[in-house]
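K.L.:
Hey, dropping model_14.pdb in here, PDB, C-alpha atoms:
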ATOM      1  CA  MET U 486      47.750-152.195  42.934
ATOM      2  CA  THR U 487      46.262-151.542  39.499
ATOM      3  CA  ALA U 488      45.359-155.223  39.170
ATOM      4  CA  ALA U 489      43.542-155.102  42.498
ATOM      5  CA  MET U 490      41.752-151.905  41.502
ATOM      6  CA  LEU U 491      40.513-153.492  38.263
ATOM      7  CA  ILE U 492      38.964-156.304  40.297
ATOM      8  CA  LEU U 493      37.549-154.138  43.080
ATOM      9  CA  GLU U 494      36.121-151.290  40.997
ATOM     10  CA  PRO U 495      33.187-153.246  39.474
ATOM     11  CA  ILE U 496      32.365-154.694  42.902
ATOM     12  CA  PHE U 497      32.048-151.314  44.601
ATOM     13  CA  GLU U 498      30.590-149.541  41.566
ATOM     14  CA  VAL U 499      27.264-151.173  42.418
ATOM     15  CA  ASP U 500      27.278-149.521  45.857
ATOM     16  CA  LEU U 501      28.424-146.019  44.926
ATOM     17  CA  GLN U 502      25.666-143.423  44.916
ATOM     18  CA  PRO U 503      24.455-141.655  41.743
ATOM     19  CA  GLU U 504      25.522-138.321  43.261
ATOM     20  CA  GLN U 505      29.185-139.395  43.099
ATOM     21  CA  TYR U 506      30.928-138.591  39.808
ATOM     22  CA  ALA U 507      34.699-138.858  40.283
ATOM     23  CA  ASP U 508      36.698-141.663  38.657
ATOM     24  CA  ARG U 509      33.704-143.736  37.643
ATOM     25  CA  PRO U 510      32.880-145.289  34.263
ATOM     26  CA  GLN U 511      30.524-143.280  32.054
ATOM     27  CA  ARG U 512      30.725-140.293  34.440
ATOM     28  CA  SER U 513      32.739-137.098  34.360
ATOM     29  CA  ALA U 514      33.188-133.738  36.017
ATOM     30  CA  LEU U 515      30.988-132.152  33.351
ATOM     31  CA  ASP U 516      28.197-134.529  34.355
ATOM     32  CA  ALA U 517      28.524-133.224  37.916
ATOM     33  CA  VAL U 518      28.377-129.625  36.647
ATOM     34  CA  ASN U 519      25.250-130.423  34.644
ATOM     35  CA  HIS U 520      23.699-132.038  37.726
ATOM     36  CA  VAL U 521      24.282-128.892  39.774
ATOM     37  CA  TYR U 522      22.825-126.766  36.984
ATOM     38  CA  ALA U 523      19.717-128.984  36.868
ATOM     39  CA  LEU U 524      19.256-128.490  40.617
ATOM     40  CA  VAL U 525      19.714-124.732  40.315
ATOM     41  CA  LYS U 526      17.222-124.706  37.452
ATOM     42  CA  SER U 527      14.712-126.488  39.706
ATOM     43  CA  ARG U 528      15.101-123.660  42.258
ATOM     44  CA  HIS U 529      17.461-125.284  44.734
ATOM     45  CA  TRP U 530      18.752-121.795  45.405
ATOM     46  CA  GLU U 531      20.270-122.235  48.878
ATOM     47  CA  VAL U 532      23.635-123.879  48.303
ATOM     48  CA  ILE U 533      26.202-125.112  50.810
ATOM     49  CA  ASP U 534      29.584-124.758  49.120
ATOM     50  CA  ALA U 535      31.595-127.158  51.266
ATOM     51  CA  ASP U 536      35.308-127.844  51.559
ATOM     52  CA  LEU U 537      37.092-130.552  53.529
ATOM     53  CA  SER U 538      40.541-130.023  54.971
ATOM     54  CA  GLY U 539      42.898-132.560  53.392
ATOM     55  CA  TYR U 540      40.254-135.195  52.672
ATOM     56  CA  PHE U 541      42.634-137.769  51.192
ATOM     57  CA  ASP U 542      45.082-137.295  54.063
ATOM     58  CA  SER U 543      42.434-137.575  56.780
ATOM     59  CA  ILE U 544      40.424-140.679  55.822
ATOM     60  CA  PRO U 545      40.497-142.889  58.961
ATOM     61  CA  HIS U 546      41.866-146.351  58.190
ATOM     62  CA  ALA U 547      39.694-148.307  60.629
ATOM     63  CA  GLU U 548      36.421-146.898  59.339
ATOM     64  CA  LEU U 549      37.536-147.196  55.724
ATOM     65  CA  MET U 550      38.509-150.846  56.154
ATOM     66  CA  LYS U 551      35.055-151.553  57.639
ATOM     67  CA  SER U 552      33.493-150.173  54.471
ATOM     68  CA  VAL U 553      35.805-152.276  52.315
ATOM     69  CA  ALA U 554      35.214-155.411  54.389
ATOM     70  CA  ARG U 555      31.461-155.220  53.780
ATOM     71  CA  ARG U 556      32.129-156.339  50.221
ATOM     72  CA  ILE U 557      35.513-158.095  50.458
ATOM     73  CA  SER U 558      35.993-161.105  52.717
ATOM     74  CA  ASP U 559      39.416-162.302  51.515
ATOM     75  CA  ARG U 560      41.852-161.741  54.381
ATOM     76  CA  ASN U 561      44.877-161.566  52.125
ATOM     77  CA  LEU U 562      43.400-158.821  49.984
ATOM     78  CA  LEU U 563      42.197-156.881  53.024
ATOM     79  CA  GLY U 564      45.661-157.150  54.519
ATOM     80  CA  LEU U 565      47.218-155.942  51.277
ATOM     81  CA  ILE U 566      44.941-152.891  51.169
ATOM     82  CA  LYS U 567      45.813-152.105  54.780
ATOM     83  CA  MET U 568      49.513-152.327  53.949
ATOM     84  CA  TRP U 569      49.029-149.889  51.076
ATOM     85  CA  LEU U 570      47.291-147.453  53.403
ATOM     86  CA  GLN U 571      50.143-147.634  55.909
ATOM     87  CA  ALA U 572      53.006-147.652  53.410
ATOM     88  CA  PRO U 573      55.713-145.063  54.151
ATOM     89  CA  VAL U 574      56.092-142.113  51.792
ATOM     90  CA  GLU U 575      59.498-141.135  50.442
ATOM     91  CA  GLU U 576      60.018-137.589  49.177
ATOM     92  CA  THR U 577      63.004-135.785  47.700
ATOM     93  CA  ASP U 578      63.539-132.176  48.749
ATOM     94  CA  VAL U 579      65.007-129.369  46.625
ATOM     95  CA  ARG U 580      68.532-130.356  47.669
ATOM     96  CA  GLY U 581      68.076-133.912  46.498
ATOM     97  CA  ARG U 582      67.857-135.400  49.972
ATOM     98  CA  LYS U 583      65.368-138.209  50.458
ATOM     99  CA  GLN U 584      63.071-138.229  53.460
ATOM    100  CA  ARG U 585      60.796-141.075  54.446
ATOM    101  CA  THR U 586      57.744-140.536  56.609
ATOM    102  CA  THR U 587      55.348-143.012  58.222
ATOM    103  CA  ARG U 588      52.650-140.460  58.998
ATOM    104  CA  ASN U 589      49.782-142.593  57.651
ATOM    105  CA  LYS U 590      50.763-145.549  59.832
ATOM    106  CA  ASP U 591      51.431-143.395  62.894
ATOM    107  CA  THR U 592      48.139-141.495  62.707
ATOM    108  CA  GLY U 593      45.967-144.252  61.238
ATOM    109  CA  ARG U 594      44.747-141.832  58.584
ATOM    110  CA  GLY U 595      45.281-141.038  54.934
ATOM    111  CA  SER U 596      45.022-142.628  51.526
ATOM    112  CA  PRO U 597      48.119-142.828  49.274
ATOM    113  CA  GLN U 598      47.607-139.914  46.897
ATOM    114  CA  GLY U 599      48.616-140.647  43.342
ATOM    115  CA  ALA U 600      48.177-144.379  43.824
ATOM    116  CA  PRO U 601      45.887-146.181  41.351
ATOM    117  CA  ILE U 602      43.565-147.389  44.095
ATOM    118  CA  SER U 603      43.334-144.077  45.967
ATOM    119  CA  PRO U 604      40.336-142.599  44.032
ATOM    120  CA  LEU U 605      38.324-145.781  44.596
ATOM    121  CA  LEU U 606      39.033-145.778  48.334
ATOM    122  CA  ALA U 607      38.093-142.085  48.521
ATOM    123  CA  ASN U 608      34.788-142.801  46.785
ATOM    124  CA  ILE U 609      34.064-145.731  49.091
ATOM    125  CA  TYR U 610      34.461-143.591  52.184
ATOM    126  CA  MET U 611      32.603-140.579  50.769
ATOM    127  CA  ARG U 612      29.719-142.943  50.044
ATOM    128  CA  ARG U 613      29.134-143.167  53.802
ATOM    129  CA  PHE U 614      28.351-139.453  53.889
ATOM    130  CA  VAL U 615      26.191-139.403  50.738
ATOM    131  CA  LEU U 616      24.217-142.482  51.748
ATOM    132  CA  GLY U 617      23.931-141.336  55.358
ATOM    133  CA  TRP U 618      22.533-137.996  54.233
ATOM    134  CA  LYS U 619      19.620-139.793  52.608
ATOM    135  CA  THR U 620      19.204-142.516  55.231
ATOM    136  CA  LEU U 621      18.975-140.015  58.080
ATOM    137  CA  GLY U 622      16.274-138.129  56.213
ATOM    138  CA  TYR U 623      18.173-134.891  55.597
ATOM    139  CA  GLU U 624      17.637-135.010  51.845
ATOM    140  CA  GLN U 625      13.872-135.107  52.250
ATOM    141  CA  ARG U 626      13.664-132.786  55.250
ATOM    142  CA  PHE U 627      15.649-129.951  53.682
ATOM    143  CA  GLN U 628      14.940-130.871  50.060
ATOM    144  CA  ALA U 629      18.710-130.949  49.842
ATOM    145  CA  LYS U 630      20.635-132.781  47.132
ATOM    146  CA  ILE U 631      24.347-133.586  47.255
ATOM    147  CA  VAL U 632      26.624-133.491  44.211
ATOM    148  CA  ASN U 633      30.067-134.925  44.864
ATOM    149  CA  TYR U 634      33.270-135.092  42.837
ATOM    150  CA  ALA U 635      36.247-136.557  44.744
ATOM    151  CA  ASP U 636      36.727-134.243  47.750
ATOM    152  CA  ASP U 637      34.536-131.466  46.327
ATOM    153  CA  PHE U 638      30.821-131.377  47.010
ATOM    154  CA  VAL U 639      27.906-128.985  47.202
ATOM    155  CA  ILE U 640      24.521-129.386  48.869
ATOM    156  CA  CYS U 641      21.703-127.694  46.945
ATOM    157  CA  CYS U 642      18.669-126.958  49.125
ATOM    158  CA  ARG U 643      15.258-125.467  48.536
ATOM    159  CA  ALA U 644      14.910-124.368  52.149
ATOM    160  CA  GLY U 645      16.503-124.780  55.567
ATOM    161  CA  ALA U 646      20.096-124.488  54.415
ATOM    162  CA  GLU U 647      21.275-123.292  57.848
ATOM    163  CA  GLU U 648      19.991-126.473  59.484
ATOM    164  CA  ALA U 649      21.430-128.544  56.633
ATOM    165  CA  LEU U 650      24.834-126.953  57.235
ATOM    166  CA  VAL U 651      24.685-127.878  60.923
ATOM    167  CA  ALA U 652      23.702-131.440  60.021
ATOM    168  CA  MET U 653      26.567-131.702  57.525
ATOM    169  CA  ARG U 654      29.101-130.559  60.110
ATOM    170  CA  GLU U 655      27.806-133.091  62.631
ATOM    171  CA  MET U 656      28.010-135.912  60.106
ATOM    172  CA  MET U 657      31.579-134.980  59.194
ATOM    173  CA  ARG U 658      32.567-135.045  62.868
ATOM    174  CA  THR U 659      31.060-138.532  63.128
ATOM    175  CA  LEU U 660      33.033-139.593  60.041
ATOM    176  CA  LYS U 661      36.184-138.092  61.600
ATOM    177  CA  LEU U 662      36.632-135.610  58.750
ATOM    178  CA  THR U 663      37.376-131.907  59.163
ATOM    179  CA  VAL U 664      35.325-129.161  57.517
ATOM    180  CA  ASN U 665      37.384-126.201  56.326
ATOM    181  CA  GLU U 666      35.347-123.424  57.909
ATOM    182  CA  GLU U 667      37.146-120.657  56.023
ATOM    183  CA  LYS U 668      36.203-122.084  52.626
ATOM    184  CA  THR U 669      32.790-123.515  53.534
ATOM    185  CA  HIS U 670      29.935-121.054  53.201
ATOM    186  CA  LEU U 671      26.241-120.756  52.506
ATOM    187  CA  CYS U 672      25.302-119.159  49.200
ATOM    188  CA  ARG U 673      21.844-117.854  48.337
ATOM    189  CA  LEU U 674      21.040-117.485  44.670
ATOM    190  CA  PRO U 675      20.511-115.287  42.778
ATOM    191  CA  GLU U 676      22.048-112.537  44.923
ATOM    192  CA  GLN U 677      25.216-114.544  45.557
ATOM    193  CA  SER U 678      27.278-116.999  43.494
ATOM    194  CA  PHE U 679      29.495-120.021  44.074
ATOM    195  CA  ASP U 680      32.152-121.943  42.170
ATOM    196  CA  PHE U 681      32.101-125.677  41.507
ATOM    197  CA  LEU U 682      34.604-127.578  39.363
ATOM    198  CA  GLY U 683      35.731-124.467  37.521
ATOM    199  CA  TYR U 684      32.276-123.014  36.824
ATOM    200  CA  THR U 685      30.589-120.063  38.534
ATOM    201  CA  PHE U 686      26.894-120.485  39.303
ATOM    202  CA  GLY U 687      24.767-117.424  39.892
ATOM    203  CA  ARG U 688      22.971-114.578  38.156
ATOM    204  CA  HIS U 689      24.369-113.633  34.764
ATOM    205  CA  TYR U 690      23.381-111.292  31.984
ATOM    206  CA  SER U 691      23.201-112.100  28.298
ATOM    207  CA  LYS U 692      24.343-109.720  25.561
ATOM    208  CA  GLU U 693      20.689-108.993  24.893
ATOM    209  CA  GLY U 694      20.337-107.767  28.469
ATOM    210  CA  TYR U 695      18.125-110.417  30.030
ATOM    211  CA  ARG U 696      18.952-111.983  33.379
ATOM    212  CA  TYR U 697      19.300-115.689  33.970
ATOM    213  CA  ILE U 698      20.642-118.037  36.603
ATOM    214  CA  GLY U 699      23.123-120.525  35.276
ATOM    215  CA  GLN U 700      26.815-121.322  34.966
ATOM    216  CA  ARG U 701      29.736-119.561  33.368
ATOM    217  CA  LEU U 702      33.424-120.260  33.253
ATOM    218  CA  SER U 703      35.131-119.138  36.406
ATOM    219  CA  LYS U 704      37.328-116.079  35.859
ATOM    220  CA  LYS U 705      40.077-117.855  37.790
ATOM    221  CA  LYS U 706      40.154-120.656  35.229
ATOM    222  CA  VAL U 707      40.490-118.216  32.329
ATOM    223  CA  GLN U 708      43.306-116.448  34.169
ATOM    224  CA  SER U 709      44.922-119.797  34.945
ATOM    225  CA  ILE U 710      45.126-120.935  31.292
ATOM    226  CA  CYS U 711      46.456-117.518  30.296
ATOM    227  CA  ARG U 712      49.201-117.819  32.926
ATOM    228  CA  ARG U 713      50.095-121.279  31.608
ATOM    229  CA  ILE U 714      50.345-119.915  28.064
ATOM    230  CA  SER U 715      52.529-117.031  29.282
ATOM    231  CA  GLU U 716      54.825-119.410  31.134
ATOM    232  CA  ARG U 717      55.104-121.703  28.122
ATOM    233  CA  THR U 718      56.054-118.806  25.839
ATOM    234  CA  SER U 719      58.552-117.229  28.230
ATOM    235  CA  VAL U 720      62.253-116.747  27.530
ATOM    236  CA  ARG U 721      63.185-120.124  29.000
ATOM    237  CA  TRP U 722      61.387-121.894  26.133
ATOM    238  CA  GLY U 723      63.060-119.901  23.365
ATOM    239  CA  TRP U 724      65.137-122.896  22.271
ATOM    240  CA  LEU U 725      62.112-124.908  21.119
ATOM    241  CA  GLU U 726      61.320-125.386  17.454
ATOM    242  CA  GLU U 727      58.158-123.744  16.193
ATOM    243  CA  ASP U 728      56.243-126.964  15.521
ATOM    244  CA  GLU U 729      57.042-128.334  18.966
ATOM    245  CA  GLN U 730      56.029-125.123  20.717
ATOM    246  CA  ILE U 731      52.806-124.691  18.759
ATOM    247  CA  GLY U 732      51.958-128.373  19.214
ATOM    248  CA  CYS U 733      52.285-128.026  22.983
ATOM    249  CA  LEU U 734      50.097-124.912  23.013
ATOM    250  CA  HIS U 735      47.545-126.657  20.820
ATOM    251  CA  ARG U 736      47.198-129.576  23.236
ATOM    252  CA  MET U 737      47.072-127.258  26.236
ATOM    253  CA  MET U 738      44.401-124.940  24.845
ATOM    254  CA  GLN U 739      42.270-127.603  23.181
ATOM    255  CA  GLY U 740      42.291-129.770  26.296
ATOM    256  CA  TRP U 741      41.199-126.775  28.364
ATOM    257  CA  ALA U 742      38.396-125.954  25.898
ATOM    258  CA  ASN U 743      37.197-129.566  25.786
ATOM    259  CA  TYR U 744      36.367-129.326  29.487
ATOM    260  CA  PHE U 745      35.209-125.725  29.610
ATOM    261  CA  SER U 746      32.516-126.096  26.972
ATOM    262  CA  LEU U 747      29.321-125.505  28.964
ATOM    263  CA  GLY U 748      27.351-122.294  28.988
ATOM    264  CA  PRO U 749      28.320-119.038  27.226
ATOM    265  CA  VAL U 750      32.006-119.540  26.426
ATOM    266  CA  ARG U 751      32.487-117.437  23.274
ATOM    267  CA  ASP U 752      34.026-114.425  25.039
ATOM    268  CA  CYS U 753      36.309-116.616  27.150
ATOM    269  CA  TYR U 754      37.509-118.496  24.069
ATOM    270  CA  ARG U 755      38.219-115.189  22.343
ATOM    271  CA  THR U 756      40.178-113.916  25.363
ATOM    272  CA  VAL U 757      42.345-117.041  25.535
ATOM    273  CA  THR U 758      42.952-117.105  21.759
ATOM    274  CA  ASN U 759      43.932-113.417  21.672
ATOM    275  CA  HIS U 760      46.285-113.913  24.605
ATOM    276  CA  ALA U 761      47.913-116.882  22.863
ATOM    277  CA  ARG U 762      48.411-114.838  19.673
ATOM    278  CA  THR U 763      50.111-112.032  21.586
ATOM    279  CA  ARG U 764      52.372-114.370  23.506
ATOM    280  CA  VAL U 765      53.379-116.409  20.437
ATOM    281  CA  ARG U 766      54.247-113.216  18.542
ATOM    282  CA  ARG U 767      56.493-112.078  21.384
ATOM    283  CA  TRP U 768      58.063-115.528  21.545
ATOM    284  CA  LEU U 769      58.768-115.469  17.790
ATOM    285  CA  CYS U 770      60.202-111.946  17.975
ATOM    286  CA  ARG U 771      62.614-112.979  20.709
ATOM    287  CA  LYS U 772      63.500-116.187  18.897
ATOM    288  CA  TYR U 773      64.329-114.447  15.626
ATOM    289  CA  LYS U 774      65.500-111.192  17.247
ATOM    290  CA  ARG U 775      62.832-109.014  15.657
ATOM    291  CA  GLN U 776      61.963-105.566  16.953
ATOM    292  CA  GLY U 777      58.433-104.497  17.864
ATOM    293  CA  GLN U 778      55.332-106.540  18.673
ATOM    294  CA  GLY U 779      55.442-108.651  15.508
ATOM    295  CA  TYR U 780      51.971-107.851  14.152
ATOM    296  CA  ALA U 781      53.264-107.133  10.636
ATOM    297  CA  ARG U 782      55.743-110.009  10.489
ATOM    298  CA  PHE U 783      53.481-112.556  12.206
ATOM    299  CA  PRO U 784      49.817-111.729  11.458
ATOM    300  CA  ASP U 785      46.905-113.837  12.661
ATOM    301  CA  GLU U 786      46.675-115.721   9.367
ATOM    302  CA  TYR U 787      50.308-116.777   9.644
ATOM    303  CA  LEU U 788      49.918-117.957  13.224
ATOM    304  CA  HIS U 789      46.835-120.050  12.484
ATOM    305  CA  ASN U 790      47.260-121.156   8.867
ATOM    306  CA  GLU U 791      51.031-121.581   8.654
ATOM    307  CA  LEU U 792      52.078-122.461  12.212
ATOM    308  CA  GLY U 793      48.822-124.183  13.177
ATOM    309  CA  LEU U 794      48.053-122.259  16.374
ATOM    310  CA  VAL U 795      44.609-123.398  17.516
ATOM    311  CA  GLN U 796      41.809-120.859  17.343
ATOM    312  CA  LEU U 797      39.251-121.778  19.963
ATOM    313  CA  ARG U 798      35.813-121.818  18.449
ATOM    314  CA  LEU U 799      32.342-122.477  19.753
ATOM    315  CA  ARG U 800      31.761-125.972  18.430
ATOM    316  CA  ARG U 801      28.508-126.517  20.271
ATOM    317  CA  GLN U 802      26.540-123.920  22.156
ATOM    318  CA  ARG U 803      24.810-125.127  25.296
ATOM    319  CA  LEU U 804      23.489-121.935  26.811
ATOM    320  CA  PRO U 805      21.770-122.174  30.176
ATOM    321  CA  CYS U 806      18.053-121.528  30.099
ATOM    322  CA  ALA U 807      16.798-118.274  31.538
ATOM    323  CA  ILE U 808      15.321-118.497  35.018
ATOM    324  CA  PRO U 809      13.443-115.370  36.152
TER
END
Transcribe the structure of this file into structure tokens.

P.N.:
Amino acid sequence: MTAAMLILEPIFEVDLQPEQYADRPQRSALDAVNHVYALVKSRHWEVIDADLSGYFDSIPHAELMKSVARRISDRNLLGLIKMWLQAPVEETDVRGRKQRTTRNKDTGRGSPQGAPISPLLANIYMRRFVLGWKTLGYEQRFQAKIVNYADDFVICCRAGAEEALVAMREMMRTLKLTVNEEKTHLCRLPEQSFDFLGYTFGRHYSKEGYRYIGQRLSKKKVQSICRRISERTSVRWGWLEEDEQIGCLHRMMQGWANYFSLGPVRDCYRTVTNHARTRVRRWLCRKYKRQGQGYARFPDEYLHNELGLVQLRLRRQRLPCAIP
């Protein structure tokens, strides 16, 4: 499957639209975030924050194979791709019992999640929506731009967002995809805000007190990394050696910070670093059976200089420009 993907990816890369960012060379999720920010900066302030119900599980095989067959004429390869789409899935439950399902074959829908070729097939089918949006004239009519990453996408409009939302729903019905109505909503900046790929777009305030429209780290993502740190430093990991534990935390926190590096992040970095210090102290106190919170025995300098706990710092500051 990987061998086939390596051959097919350059072929379909030519067709994929510039608004698509997932699993493509020289593109990343941060590029998609920057694209949305550029649209917001250019006053595309009516935003459709869309969500599809089980996109990977609902891609129709017949329509997907038509898209693939426009570029691939080899019957053997087309047959192989179809077999991958219809392959049964075997899962092991909590009791260790294996269950095999043939849902994809029975329903004629779904892409094998986790498979090497699955992201490419998802991009190929999503291209029909992105290209159709422009071909049918919706992009020009509503001054509405799509930014897509895998199954996540937003439509940034300058006007007519209600009509654009109706058009999007109609297109998704034609593509045999289901819009999650509970999670899909229309957001009007600057009074409202929306989340995209871990960033919150809306009106924010600087420490100096001026207002601007831009992106910040989502509070949920800060809470999520703090929960991961708490879980990693819980009692169940007390048997680990210090270097192994700190090394794991270092990779976890630095990887998180490498992605969440856009906009004003200083306060978020400080929050995560302080939480990690507190949790590591408690972990060390339990490990060595010390009383108290461990501030005197394990000060900040010891945690960072001796143990090597990462201290998240603002390596490059890319603050969003103020928009009145």

K.L.:
List as a tab-separated table every residue of range 629-682 of chain U that is in contact with range 525-539 of chain U, defined as an atom at most 9 Å from one of its atoms (using only C-alpha atoms), together with the nearest atom pair and the distance in Å rounded to one decimal, sorted by chain and then rising number.

P.N.:
residue	atom	partner	partner_atom	distance
U:Ala629	CA	U:His529	CA	7.7
U:Lys630	CA	U:His529	CA	8.5
U:Asp636	CA	U:Leu537	CA	6.9
U:Asp637	CA	U:Asp536	CA	6.4
U:Phe638	CA	U:Ala535	CA	6.0
U:Val639	CA	U:Asp534	CA	4.9
U:Ile640	CA	U:Ile533	CA	5.0
U:Cys641	CA	U:Val532	CA	4.5
U:Cys642	CA	U:His529	CA	4.9
U:Arg643	CA	U:His529	CA	4.4
U:Ala644	CA	U:Glu531	CA	6.6
U:Gly645	CA	U:Glu531	CA	8.1
U:Ala646	CA	U:Glu531	CA	6.0
U:Glu647	CA	U:Ile533	CA	8.8
U:Ala649	CA	U:Ile533	CA	8.3
U:Leu650	CA	U:Ile533	CA	6.8
U:Leu662	CA	U:Leu537	CA	7.3
U:Thr663	CA	U:Ser538	CA	5.6
U:Val664	CA	U:Leu537	CA	4.6
U:Asn665	CA	U:Ser538	CA	5.1
U:Glu666	CA	U:Asp536	CA	7.7
U:Glu667	CA	U:Asp536	CA	8.7
U:Lys668	CA	U:Asp536	CA	5.9
U:Thr669	CA	U:Ala535	CA	4.5
U:His670	CA	U:Asp534	CA	5.5
U:Leu671	CA	U:Ile533	CA	4.7
U:Cys672	CA	U:Val532	CA	5.1
U:Arg673	CA	U:Glu531	CA	4.7
U:Leu674	CA	U:Trp530	CA	4.9
U:Pro675	CA	U:Trp530	CA	7.2
U:Phe679	CA	U:Asp534	CA	6.9
U:Asp680	CA	U:Asp534	CA	7.9
U:Phe681	CA	U:Asp534	CA	8.1

K.L.:
Quick one: everything within 12 Å of Glu498 in chain U, counting all atoms listed in the file, minus sequence neighbours fewer than 2 positions away in the same chain. Send it as a list in words.

P.N.:
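My list of contacting residues is Met490, Leu491, Ile492, Leu493, Glu494, Pro495, Ile496, Asp500, Leu501, Gln502, Pro503, Gln505, Tyr506, Ala507, Asp508, Arg509, Pro510, Gln511, Arg512, Arg556, Leu605, Leu606, Asn608, Ile609 and Arg612 of chain U.
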
K.L.:
If the PyMOL selection byres ((chain U and resi 587-591) around 10) is run on the structure shown, which residues does it catch, given as a CSV table (one decimal) with C-alpha atoms, in the frame of the given file?

P.N.:
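Output file part-v1.csv is given in full below:
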chain,number,residue,atom,x,y,z
U,542,ASP,CA,45.1,-137.3,54.1
U,543,SER,CA,42.4,-137.6,56.8
U,544,ILE,CA,40.4,-140.7,55.8
U,545,PRO,CA,40.5,-142.9,59.0
U,546,HIS,CA,41.9,-146.4,58.2
U,567,LYS,CA,45.8,-152.1,54.8
U,568,MET,CA,49.5,-152.3,53.9
U,569,TRP,CA,49.0,-149.9,51.1
U,570,LEU,CA,47.3,-147.5,53.4
U,571,GLN,CA,50.1,-147.6,55.9
U,572,ALA,CA,53.0,-147.7,53.4
U,573,PRO,CA,55.7,-145.1,54.2
U,574,VAL,CA,56.1,-142.1,51.8
U,575,GLU,CA,59.5,-141.1,50.4
U,585,ARG,CA,60.8,-141.1,54.4
U,586,THR,CA,57.7,-140.5,56.6
U,592,THR,CA,48.1,-141.5,62.7
U,593,GLY,CA,46.0,-144.3,61.2
U,594,ARG,CA,44.7,-141.8,58.6
U,595,GLY,CA,45.3,-141.0,54.9
U,596,SER,CA,45.0,-142.6,51.5
U,597,PRO,CA,48.1,-142.8,49.3

K.L.:
Going by the chain IDs and residue numbers used in this file, which residues fall under the PyMOL selection byres ((chain U and resi 685-701) around 10)? Write them as a PyMOL selection string.

P.N.:
chain U and resi 518-519+521-523+525-526+528+530+672-684+702-705+745-750+753+804-809

K.L.:
Care to translate the PyMOL selection byres ((chain U and resi 764) around 10) into actual residues of this file, as a PDB file with C-alpha atoms, keeping the file's coordinate frame?

P.N.:
ATOM      1  CA  CYS U 711      46.456-117.518  30.296  1.00  0.00           C
ATOM      2  CA  ILE U 714      50.345-119.915  28.064  1.00  0.00           C
ATOM      3  CA  SER U 715      52.529-117.031  29.282  1.00  0.00           C
ATOM      4  CA  GLU U 716      54.825-119.410  31.134  1.00  0.00           C
ATOM      5  CA  ARG U 717      55.104-121.703  28.122  1.00  0.00           C
ATOM      6  CA  THR U 718      56.054-118.806  25.839  1.00  0.00           C
ATOM      7  CA  SER U 719      58.552-117.229  28.230  1.00  0.00           C
ATOM      8  CA  THR U 758      42.952-117.105  21.759  1.00  0.00           C
ATOM      9  CA  ASN U 759      43.932-113.417  21.672  1.00  0.00           C
ATOM     10  CA  HIS U 760      46.285-113.913  24.605  1.00  0.00           C
ATOM     11  CA  ALA U 761      47.913-116.882  22.863  1.00  0.00           C
ATOM     12  CA  ARG U 762      48.411-114.838  19.673  1.00  0.00           C
ATOM     13  CA  THR U 763      50.111-112.032  21.586  1.00  0.00           C
ATOM     14  CA  VAL U 765      53.379-116.409  20.437  1.00  0.00           C
ATOM     15  CA  ARG U 766      54.247-113.216  18.542  1.00  0.00           C
ATOM     16  CA  ARG U 767      56.493-112.078  21.384  1.00  0.00           C
ATOM     17  CA  TRP U 768      58.063-115.528  21.545  1.00  0.00           C
ATOM     18  CA  LEU U 769      58.768-115.469  17.790  1.00  0.00           C
ATOM     19  CA  CYS U 770      60.202-111.946  17.975  1.00  0.00           C
ATOM     20  CA  GLN U 778      55.332-106.540  18.673  1.00  0.00           C
TER      21      GLN U 778
END

K.L.:
Tell me, in Å to one decimal, how far CA of Glu504 in chain U is from CA of Asn633 in chain U.

P.N.:
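Value for the CA of Glu504 in chain U-CA of Asn633 in chain U distance: 5.9 Å.
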
K.L.:
Could you tell me how far CA of His735 in chain U sits from CA of His789 in chain U, in Å to one decimal place?

P.N.:
10.7 Å

K.L.:
Given the choices U:Asn561, U:Gln625, U:Thr487, U:Gln739, which gets closest to Val795 in chain U if the distance is worked out from all atoms listed in the file?

P.N.:
U:Gln739

K.L.:
As lines of an AutoDock Vina configuration file, please report the centre and edge lengths, rounded to one decimal in Å, of the axis-aligned box that holds all listed atoms of range 677-683 of chain U with 8 Å of padding on each of the six sides.

P.N.:
center_x = 30.5
center_y = -121.1
center_z = 41.5
size_x = 26.5
size_y = 29.0
size_z = 24.0

K.L.:
Mind pulling up the distance from CA of Ile557 in chain U to CA of Tyr623 in chain U?

P.N.:
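Between CA of Tyr623 in chain U and CA of Ile557 in chain U the gap works out to 29.4 Å.
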
K.L.:
Excluding Leu563 in chain U and its own-chain neighbours fewer than 4 positions away, which residues fall within 8 Å of it when counting only C-alpha atoms? Please give them as a ChimeraX atom specification.

P.N.:
/U:550,553-554,557-559,567
